[in-house]
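Data from run.txt: compact mmCIF, C-alpha atoms and all ligand atoms
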# COMPACT_ATOMS: atom_id res chain seq x y z
CA MET A 1 -67.87 5.64 -28.73
CA GLY A 2 -71.66 6.08 -29.05
CA ILE A 3 -72.00 3.85 -32.09
CA GLU A 4 -70.06 0.88 -30.77
CA THR A 5 -71.97 0.89 -27.44
CA MET A 6 -75.46 1.73 -28.76
CA ASN A 7 -76.68 -1.86 -28.53
CA HIS A 8 -75.18 -2.31 -25.08
CA SER A 9 -77.56 -2.60 -22.17
CA VAL A 10 -76.93 -1.34 -18.64
CA LEU A 11 -78.77 -1.56 -15.35
CA VAL A 12 -78.70 1.31 -12.87
CA THR A 13 -79.85 0.00 -9.50
CA ARG A 14 -81.32 3.28 -8.19
CA GLN A 15 -82.17 6.74 -9.45
CA ILE A 16 -79.09 8.98 -9.07
CA PRO A 17 -78.99 12.80 -8.94
CA GLY A 18 -77.79 15.14 -11.68
CA GLU A 19 -77.92 15.04 -15.46
CA SER A 20 -75.38 12.29 -16.08
CA LEU A 21 -77.87 9.48 -16.73
CA GLN A 22 -78.97 11.49 -19.76
CA ARG A 23 -75.41 11.20 -21.06
CA LEU A 24 -75.53 7.46 -20.49
CA ARG A 25 -78.84 7.15 -22.37
CA GLU A 26 -77.19 8.77 -25.39
CA VAL A 27 -74.67 5.92 -25.72
CA CYS A 28 -76.55 2.81 -24.62
CA GLU A 29 -79.83 1.32 -23.50
CA VAL A 30 -80.47 2.10 -19.83
CA GLU A 31 -82.85 0.58 -17.31
CA VAL A 32 -83.09 2.32 -13.93
CA TRP A 33 -84.59 0.50 -10.93
CA PRO A 34 -87.38 2.95 -10.13
CA GLU A 35 -87.87 2.40 -6.41
CA ALA A 36 -86.15 3.95 -3.39
CA ILE A 37 -85.74 0.52 -1.75
CA PRO A 38 -83.02 -1.50 -3.52
CA PRO A 39 -83.93 -4.54 -5.62
CA SER A 40 -83.93 -7.82 -3.68
CA ARG A 41 -81.30 -10.42 -4.57
CA ASP A 42 -83.85 -12.30 -6.71
CA GLU A 43 -84.88 -9.13 -8.49
CA LEU A 44 -81.26 -8.17 -9.04
CA CYS A 45 -80.51 -11.63 -10.51
CA ARG A 46 -83.45 -11.22 -12.87
CA LEU A 47 -82.47 -7.67 -13.85
CA VAL A 48 -78.73 -8.22 -14.52
CA LYS A 49 -79.22 -10.94 -17.17
CA GLY A 50 -77.67 -9.94 -20.48
CA ARG A 51 -76.35 -6.57 -19.22
CA HIS A 52 -73.02 -5.21 -20.42
CA GLY A 53 -72.67 -2.79 -17.52
CA LEU A 54 -74.02 -2.28 -14.01
CA LEU A 55 -74.17 0.96 -12.06
CA THR A 56 -74.51 -0.31 -8.51
CA MET A 57 -74.34 0.90 -4.94
CA LEU A 58 -73.51 -0.34 -1.50
CA SER A 59 -76.76 -2.20 -0.86
CA ASP A 60 -76.19 -4.39 -3.98
CA ARG A 61 -74.00 -7.46 -3.40
CA ILE A 62 -72.09 -7.98 -6.64
CA ASP A 63 -70.35 -11.35 -6.37
CA GLY A 64 -69.14 -13.97 -8.83
CA GLU A 65 -72.52 -15.71 -8.82
CA LEU A 66 -74.29 -12.51 -9.85
CA MET A 67 -71.68 -11.80 -12.54
CA ASP A 68 -72.24 -15.29 -13.93
CA VAL A 69 -76.00 -14.73 -13.94
CA ALA A 70 -75.39 -11.49 -15.86
CA GLY A 71 -73.39 -13.40 -18.48
CA ASP A 72 -70.08 -13.27 -20.37
CA GLN A 73 -70.91 -9.97 -22.05
CA LEU A 74 -70.70 -8.11 -18.70
CA CYS A 75 -67.67 -5.84 -18.94
CA VAL A 76 -68.01 -3.17 -16.23
CA VAL A 77 -69.41 -2.65 -12.72
CA SER A 78 -69.42 0.99 -11.69
CA ASN A 79 -70.07 1.52 -7.98
CA TYR A 80 -71.79 4.73 -6.92
CA ALA A 81 -69.56 5.01 -3.82
CA VAL A 82 -65.89 5.15 -2.94
CA GLY A 83 -66.19 2.05 -0.73
CA PHE A 84 -66.47 -1.13 -2.80
CA ASN A 85 -66.75 -3.83 -0.13
CA ASN A 86 -70.08 -4.84 -1.74
CA ILE A 87 -68.19 -6.03 -4.83
CA ASP A 88 -66.09 -9.17 -5.10
CA VAL A 89 -63.18 -7.57 -6.90
CA ASP A 90 -61.28 -10.86 -7.32
CA ALA A 91 -64.30 -12.44 -8.98
CA ALA A 92 -64.51 -9.43 -11.30
CA LYS A 93 -60.80 -9.69 -12.14
CA THR A 94 -61.11 -13.38 -12.96
CA ARG A 95 -63.99 -12.64 -15.31
CA GLY A 96 -62.32 -9.64 -16.94
CA VAL A 97 -64.93 -7.24 -15.55
CA ALA A 98 -63.70 -3.69 -14.83
CA VAL A 99 -64.71 -2.17 -11.48
CA GLY A 100 -64.95 1.57 -10.79
CA ASN A 101 -65.69 3.76 -7.77
CA THR A 102 -66.12 7.47 -6.95
CA PRO A 103 -63.22 8.70 -4.77
CA ASP A 104 -62.25 12.26 -3.74
CA VAL A 105 -65.48 14.09 -4.63
CA LEU A 106 -67.13 12.97 -1.37
CA THR A 107 -64.12 13.40 0.90
CA ASP A 108 -65.05 16.86 2.20
CA ALA A 109 -68.72 16.01 2.73
CA THR A 110 -67.88 12.83 4.64
CA ALA A 111 -65.19 14.50 6.75
CA ASP A 112 -67.67 17.30 7.57
CA LEU A 113 -70.13 14.65 8.72
CA ALA A 114 -67.52 12.89 10.86
CA VAL A 115 -66.86 16.21 12.62
CA SER A 116 -70.62 16.82 13.00
CA LEU A 117 -71.04 13.38 14.57
CA LEU A 118 -68.12 13.97 16.89
CA PHE A 119 -69.78 17.11 18.21
CA ALA A 120 -73.30 15.67 18.19
CA ALA A 121 -72.16 12.70 20.30
CA SER A 122 -69.95 14.80 22.59
CA ARG A 123 -72.68 17.34 23.36
CA HIS A 124 -75.85 15.17 23.24
CA VAL A 125 -77.07 17.39 20.39
CA LEU A 126 -79.82 15.11 19.08
CA GLN A 127 -81.05 13.94 22.48
CA ALA A 128 -81.14 17.49 23.88
CA GLY A 129 -82.96 18.72 20.77
CA ASN A 130 -85.49 15.90 21.13
CA GLN A 131 -86.19 17.03 24.68
CA VAL A 132 -87.34 20.37 23.26
CA CYS A 133 -89.50 18.70 20.60
CA GLU A 134 -91.11 16.44 23.20
CA GLY A 135 -92.07 19.41 25.43
CA GLU A 136 -89.71 18.18 28.17
CA TRP A 137 -87.54 21.34 28.35
CA LYS A 138 -88.22 22.47 31.91
CA THR A 139 -85.41 24.86 32.81
CA TRP A 140 -81.72 25.73 32.36
CA GLU A 141 -79.91 23.04 34.30
CA PRO A 142 -76.43 23.59 35.76
CA THR A 143 -75.85 19.83 35.74
CA GLY A 144 -77.89 18.93 32.66
CA TRP A 145 -76.52 17.61 29.35
CA LEU A 146 -72.88 17.89 30.35
CA GLY A 147 -70.61 16.93 27.51
CA VAL A 148 -66.93 16.73 26.58
CA GLU A 149 -64.84 19.19 24.54
CA PRO A 150 -62.31 18.41 21.78
CA SER A 151 -60.18 21.58 22.03
CA GLY A 152 -56.58 20.71 22.79
CA LYS A 153 -57.41 17.00 23.28
CA THR A 154 -56.07 14.00 21.39
CA LEU A 155 -57.70 12.81 18.17
CA GLY A 156 -57.09 9.24 16.96
CA ILE A 157 -57.69 8.63 13.26
CA VAL A 158 -57.99 4.92 12.43
CA GLY A 159 -57.04 4.73 8.73
CA MET A 160 -55.28 7.81 7.39
CA GLY A 161 -56.70 7.72 3.87
CA ARG A 162 -58.45 10.59 2.07
CA ILE A 163 -61.36 11.01 4.49
CA GLY A 164 -59.22 10.31 7.56
CA LYS A 165 -56.83 13.05 6.48
CA ALA A 166 -59.61 15.54 5.73
CA THR A 167 -61.18 14.87 9.14
CA ALA A 168 -57.83 15.32 10.87
CA LYS A 169 -57.22 18.59 9.02
CA ARG A 170 -60.50 20.01 10.25
CA LEU A 171 -60.03 18.99 13.87
CA VAL A 172 -56.32 19.74 14.20
CA GLY A 173 -56.64 23.08 12.39
CA GLY A 174 -59.97 24.14 13.88
CA TRP A 175 -59.81 22.75 17.41
CA ASP A 176 -56.08 22.53 17.96
CA MET A 177 -56.22 18.80 18.60
CA ASN A 178 -53.16 16.58 18.91
CA LEU A 179 -53.12 13.85 16.30
CA LEU A 180 -52.43 10.12 16.52
CA TYR A 181 -53.15 7.86 13.58
CA THR A 182 -52.86 4.31 12.31
CA SER A 183 -51.89 3.60 8.74
CA ARG A 184 -50.42 0.75 6.76
CA SER A 185 -47.77 3.16 5.46
CA ASP A 186 -45.97 6.22 6.82
CA GLN A 187 -47.72 9.47 5.95
CA GLY A 188 -44.84 11.97 5.89
CA ASP A 189 -47.07 14.79 4.61
CA VAL A 190 -49.51 14.33 7.49
CA GLU A 191 -46.72 14.44 10.05
CA LYS A 192 -45.32 17.59 8.44
CA GLU A 193 -48.62 19.37 7.94
CA LEU A 194 -50.55 18.29 11.03
CA GLY A 195 -47.87 17.15 13.43
CA GLY A 196 -49.45 13.70 13.67
CA ARG A 197 -47.77 10.61 15.12
CA ARG A 198 -48.26 7.15 13.58
CA VAL A 199 -48.87 4.58 16.31
CA GLU A 200 -50.19 1.05 16.79
CA LEU A 201 -53.97 0.75 17.19
CA ASP A 202 -53.68 -0.18 20.89
CA THR A 203 -51.73 3.00 21.64
CA LEU A 204 -54.16 5.11 19.65
CA LEU A 205 -57.14 3.69 21.53
CA ALA A 206 -55.53 4.10 24.93
CA GLU A 207 -54.30 7.66 24.38
CA SER A 208 -57.04 9.27 22.28
CA ASP A 209 -59.96 11.31 23.63
CA PHE A 210 -61.79 11.04 20.31
CA VAL A 211 -61.42 8.09 17.93
CA SER A 212 -62.65 8.40 14.34
CA VAL A 213 -62.75 5.32 12.10
CA HIS A 214 -61.91 5.71 8.38
CA VAL A 215 -60.44 2.38 7.17
CA ALA A 216 -61.94 0.58 4.22
CA LEU A 217 -63.90 -2.57 5.12
CA THR A 218 -61.85 -5.65 4.28
CA ASP A 219 -61.40 -9.09 5.84
CA GLU A 220 -58.65 -7.57 8.01
CA THR A 221 -60.67 -4.59 9.23
CA ARG A 222 -63.96 -6.41 9.91
CA ASN A 223 -64.51 -6.14 13.70
CA LEU A 224 -61.26 -4.21 14.07
CA ILE A 225 -62.91 -2.24 16.87
CA ASP A 226 -64.01 -5.23 18.94
CA ALA A 227 -64.62 -5.63 22.68
CA ASP A 228 -60.91 -5.84 23.35
CA ALA A 229 -60.22 -2.67 21.39
CA ILE A 230 -63.10 -0.73 22.96
CA GLY A 231 -61.84 -1.93 26.35
CA LYS A 232 -58.62 0.00 25.76
CA MET A 233 -60.43 3.32 25.25
CA LYS A 234 -60.72 6.01 27.92
CA SER A 235 -64.01 6.18 29.84
CA THR A 236 -64.30 9.82 28.74
CA SER A 237 -63.69 9.06 25.06
CA VAL A 238 -65.98 9.34 22.05
CA LEU A 239 -66.02 6.90 19.12
CA VAL A 240 -67.06 8.04 15.64
CA ASN A 241 -67.59 5.70 12.69
CA THR A 242 -68.33 6.97 9.19
CA ALA A 243 -66.55 4.07 7.41
CA ARG A 244 -68.58 0.84 7.54
CA GLY A 245 -70.69 -0.68 10.32
CA GLU A 246 -68.93 -4.05 10.18
CA ILE A 247 -65.66 -2.49 11.39
CA VAL A 248 -67.11 -1.97 14.89
CA ASP A 249 -68.47 -4.83 17.02
CA GLN A 250 -71.88 -3.38 17.81
CA ASP A 251 -72.64 -5.71 20.74
CA ALA A 252 -69.38 -4.67 22.36
CA LEU A 253 -70.25 -1.02 21.70
CA VAL A 254 -73.68 -1.43 23.34
CA ASP A 255 -72.01 -2.96 26.43
CA ALA A 256 -69.43 -0.18 26.57
CA LEU A 257 -72.05 2.57 26.30
CA ASN A 258 -74.38 0.93 28.82
CA SER A 259 -71.60 0.43 31.35
CA ARG A 260 -70.22 3.93 30.67
CA ALA A 261 -66.89 2.38 29.66
CA ILE A 262 -66.77 5.08 26.95
CA PHE A 263 -68.56 8.43 26.96
CA ALA A 264 -70.47 8.33 23.67
CA ALA A 265 -70.53 7.18 20.07
CA GLY A 266 -71.54 8.78 16.78
CA LEU A 267 -72.30 6.44 13.88
CA ASP A 268 -73.18 7.12 10.25
CA VAL A 269 -72.89 3.42 9.41
CA THR A 270 -74.27 0.32 11.14
CA THR A 271 -74.86 -3.40 10.66
CA PRO A 272 -77.35 -3.94 9.21
CA GLU A 273 -78.51 -0.84 7.40
CA PRO A 274 -81.16 0.21 8.13
CA LEU A 275 -80.82 -0.53 11.85
CA SER A 276 -84.11 -1.31 13.56
CA ALA A 277 -85.57 1.37 15.84
CA ASP A 278 -85.61 -1.29 18.62
CA HIS A 279 -81.85 -1.82 18.47
CA ALA A 280 -80.04 -1.12 21.74
CA LEU A 281 -77.76 1.39 19.99
CA VAL A 282 -80.74 3.38 18.73
CA LYS A 283 -82.23 3.32 22.22
CA SER A 284 -78.95 4.34 23.89
CA PRO A 285 -78.93 7.92 25.20
CA HIS A 286 -75.18 7.94 24.57
CA CYS A 287 -75.25 7.11 20.87
CA VAL A 288 -76.08 9.30 17.88
CA ILE A 289 -76.95 7.38 14.71
CA LEU A 290 -77.45 8.83 11.24
CA PRO A 291 -78.79 6.91 8.22
CA HIS A 292 -75.53 6.74 6.23
CA ILE A 293 -75.55 10.32 4.93
CA GLY A 294 -71.80 11.01 4.82
CA SER A 295 -71.71 11.87 1.11
CA ALA A 296 -75.23 13.30 1.00
CA THR A 297 -74.64 16.81 -0.35
CA HIS A 298 -75.78 18.08 -3.73
CA THR A 299 -72.18 18.75 -4.72
CA SER A 300 -70.84 15.33 -3.76
CA ARG A 301 -73.68 13.21 -5.04
CA ASN A 302 -73.81 15.04 -8.40
CA ALA A 303 -70.06 14.63 -8.78
CA MET A 304 -70.36 10.94 -7.85
CA SER A 305 -72.96 10.55 -10.61
CA GLU A 306 -70.58 12.08 -13.14
CA ILE A 307 -67.72 9.75 -12.20
CA ALA A 308 -69.93 6.66 -12.01
CA VAL A 309 -71.31 7.35 -15.49
CA ASP A 310 -67.85 8.15 -16.89
CA ASN A 311 -66.62 4.84 -15.46
CA LEU A 312 -69.52 2.96 -16.98
CA ILE A 313 -69.15 4.52 -20.44
CA ALA A 314 -65.40 3.91 -20.48
CA GLY A 315 -65.88 0.30 -19.37
CA LEU A 316 -68.48 -0.35 -22.07
CA ALA A 317 -66.05 0.94 -24.68
CA GLY A 318 -63.23 -1.23 -23.29
CA LYS A 319 -61.25 1.85 -22.23
CA PRO A 320 -59.52 2.51 -18.87
CA LEU A 321 -61.98 3.74 -16.24
CA ARG A 322 -61.71 7.26 -14.84
CA CYS A 323 -61.49 5.73 -11.33
CA SER A 324 -60.68 2.04 -11.31
CA VAL A 325 -60.31 -0.12 -8.20
CA ILE A 326 -58.56 -3.00 -9.97
N1 LIG B 401 -70.45 7.35 5.55
C1 LIG B 401 -70.37 7.56 4.24
O1 LIG B 401 -71.31 8.02 3.60
C2 LIG B 401 -69.11 7.28 3.53
C3 LIG B 401 -68.29 6.26 3.94
N2 LIG B 401 -67.11 6.01 3.31
C4 LIG B 401 -66.23 4.96 3.82
O2 LIG B 401 -64.98 5.54 4.12
C5 LIG B 401 -63.94 4.67 3.67
C6 LIG B 401 -62.69 5.47 3.42
O3 LIG B 401 -62.82 6.27 2.27
P1 LIG B 401 -61.53 7.02 1.68
O4 LIG B 401 -60.84 7.73 2.77
O5 LIG B 401 -61.94 7.75 0.48
O6 LIG B 401 -60.67 5.76 1.26
P2 LIG B 401 -59.08 5.61 1.24
O7 LIG B 401 -58.80 4.42 0.40
O8 LIG B 401 -58.44 6.90 0.90
O9 LIG B 401 -58.76 5.29 2.77
C7 LIG B 401 -58.97 4.04 3.35
C8 LIG B 401 -57.83 3.77 4.28
O10 LIG B 401 -58.03 2.47 4.82
C9 LIG B 401 -56.77 1.85 4.86
N3 LIG B 401 -56.92 0.39 4.86
C10 LIG B 401 -57.47 -0.37 3.89
N4 LIG B 401 -57.37 -1.66 4.23
C11 LIG B 401 -56.76 -1.68 5.42
C12 LIG B 401 -56.36 -2.71 6.28
N5 LIG B 401 -56.57 -3.98 5.96
N6 LIG B 401 -55.77 -2.38 7.45
C13 LIG B 401 -55.57 -1.08 7.76
N7 LIG B 401 -55.91 -0.07 6.97
C14 LIG B 401 -56.49 -0.38 5.83
C15 LIG B 401 -56.06 2.29 3.60
O11 LIG B 401 -54.67 2.14 3.70
C16 LIG B 401 -56.46 3.75 3.55
O12 LIG B 401 -55.57 4.55 4.27
C17 LIG B 401 -64.55 4.01 2.43
O13 LIG B 401 -63.93 2.78 2.17
C18 LIG B 401 -66.00 3.84 2.81
O14 LIG B 401 -66.18 2.60 3.44
C19 LIG B 401 -66.72 6.76 2.26
C20 LIG B 401 -67.50 7.78 1.80
C21 LIG B 401 -68.79 8.11 2.37
O1 LIG B 402 -69.01 6.24 -0.93
C1 LIG B 402 -69.20 5.45 0.00
O2 LIG B 402 -68.40 4.53 0.28
C2 LIG B 402 -70.40 5.59 0.82
O3 LIG B 402 -70.51 4.96 1.83
C3 LIG B 402 -71.49 6.48 0.40
O4 LIG B 402 -71.08 7.57 -0.31
Represent the supplied structure as C-alpha cells.
Ligand SMILES: NC(=O)C1=CN([C@@H]2O[C@H](COP(=O)(O)OP(=O)(O)OC[C@H]3O[C@@H](n4cnc5c(N)ncnc54)[C@H](O)[C@@H]3O)[C@@H](O)[C@H]2O)C=CC1
Ligand SMILES: O=C(O)C(=O)CO
Amino acid sequence: MGIETMNHSVLVTRQIPGESLQRLREVCEVEVWPEAIPPSRDELCRLVKGRHGLLTMLSDRIDGELMDVAGDQLCVVSNYAVGFNNIDVDAAKTRGVAVGNTPDVLTDATADLAVSLLFAASRHVLQAGNQVCEGEWKTWEPTGWLGVEPSGKTLGIVGMGRIGKATAKRLVGGWDMNLLYTSRSDQGDVEKELGGRRVELDTLLAESDFVSVHVALTDETRNLIDADAIGKMKSTSVLVNTARGEIVDQDALVDALNSRAIFAAGLDVTTPEPLSADHALVKSPHCVILPHIGSATHTSRNAMSEIAVDNLIAGLAGKPLRCSVI
C-alpha cells in the first residue's frame, strides 16, 4: 500500500491527537494546518488543490465546489467526527470521492457529556459555581439555587441512535427514569432492555421532564425543535442538545427560557460555533453552554484519530473505508 500511495498528497485541516499521523506520513505526503483556528474558506480552497485525500472536521465545509477546486485526483474525504453534515455526500458520490467518519468510539464520551449537561442545567451547577468564584457566596440559602431532579421522571430521547441509546442507558439504569423516544425505525432491543416507548415527537415533548436531542443534522432535522415544539414542553422541563446547534431554533429557546416556559437548557452545540459571549443564551441564567466538547476525552479523540487515518489510507489505496458514510 505504501508504495502506490507514496506520491499522494493529503491535507489535514488541524493537528489531531495520538500517533496516527505518523502512520499517515509513512504512506504519503502530509500537510497539517498548523493553527488552532480552522483555515478560512479561501485558505482551504488554496490548500486543497491537487490533494488526493482530505482529513477534515466539522468546521470545514466540504462541498462540490471545494471538491472541484481540489481536482479530479481527489479520492477520499475522511471526517474527524461521526457527524458529517459539513460534507456534501451527494456531491462526493457524484465525483467518486469516498467519505468516512468516526462512529462508536465517541459514543460513551458524548453520552457522558449529555448526562453532565442534564445535571448542570437542572442544578444550576455552573452559575452556582461562578457565584463562589465571584465572591458572591453569602450564606446557605433555603430558597437559593433550587433545581429539578431526574430520578423516576420521564426522559425523552430525540433520535435513538448510538449516542441516544447510550444516554438512555445511563439515565434509565442510573436514575430509574421512564423512557420515551423518537426514531425512524422501531428499536426492539431498546424496548426490551430499557422499557422505552417509541412515540411521536409531539407526545415526547409534552410528556417528558427531560428532553435530550441526538438526531443527525439533515434537511429534515434542521430546526426540528422550533418554537412550536418548545411550546409543547412542560414548564418544569430541561432541554439538552449535544447533536448539532441547527436542530434547535435558538431564538425560540431564548424566548422560552426568558419567559420561563421551560426550566433550563444545556447545550454542547450552538449556531454559530463559537457563540458570542453577548448572545442571549450565554447571558441566560437558565442555560449552560459548553464549547462542543462531547467527544473531548483522550480515549475518544485518540481512537477517532486512528479511524480517520485508517479511512484516509484505505481511500487513497482505493480500498473500502473502515467507516464509510456512503
Ligand atoms: N457534541 C459532540 O461533541 C458530538 C456530537 N455528535 C452528534 O451526535 C449525532 C448522533 O451521533 P450518533 O448517535 O453516533 O449517530 P447515529 O447515526 O447512531 O444516530 C443518529 C440518529 O439520528 C436519526 N436520524 C437521522 N436523520 C433523521 C431524520 N431525518 N429524522 C429523524 N431521525 C433522524 C437516525 O435514525 C439515528 O437514529 C451526530 O450526528 C453528531 O451530530 C456526535 C458526537 C460528538
Ligand atoms: O463527532 C462529532 O460529530 C462531533 O461533533 C465531535 O466529535
**Study point:** Near-segment 67-73 of chain A list (9 Å; all atoms listed in the file; drop same-chain fewer than 2 positions) as a ChimeraX atom specification
**Key:** /A:45-53,62-65,75,91-92,95,97
Point to revise | Separation of atom CA of Glu35 of chain A from atom CA of Leu316 of chain A, in Å and rounded to one decimal | key: 25.1 Å
Point to revise | Between atom O1 of ligand LIG 401 (chain B) and atom CA of Asp310 of chain A - distance in Å to one decimal | key: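 Taking atom CA of Asp310 of chain A and atom O1 of ligand LIG 401 (chain B), their separation equals 20.8 Å.
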Review point. Which protein, DNA or RNA residues have an atom within 9 Å of ligand LIG 402 (chain B), counting all atoms listed in the file, as number ranges by chain?
Key: A: 57-58, 79-85, 101-103, 106-107, 110, 216, 242-244, 269, 292-296, 300-301, 304
Point to revise | Contacts of segment 15-21 of chain A within 8 Å, all atoms listed in the file, excl. fewer than 3 positions in-chain, as a count of residues only | key: 13
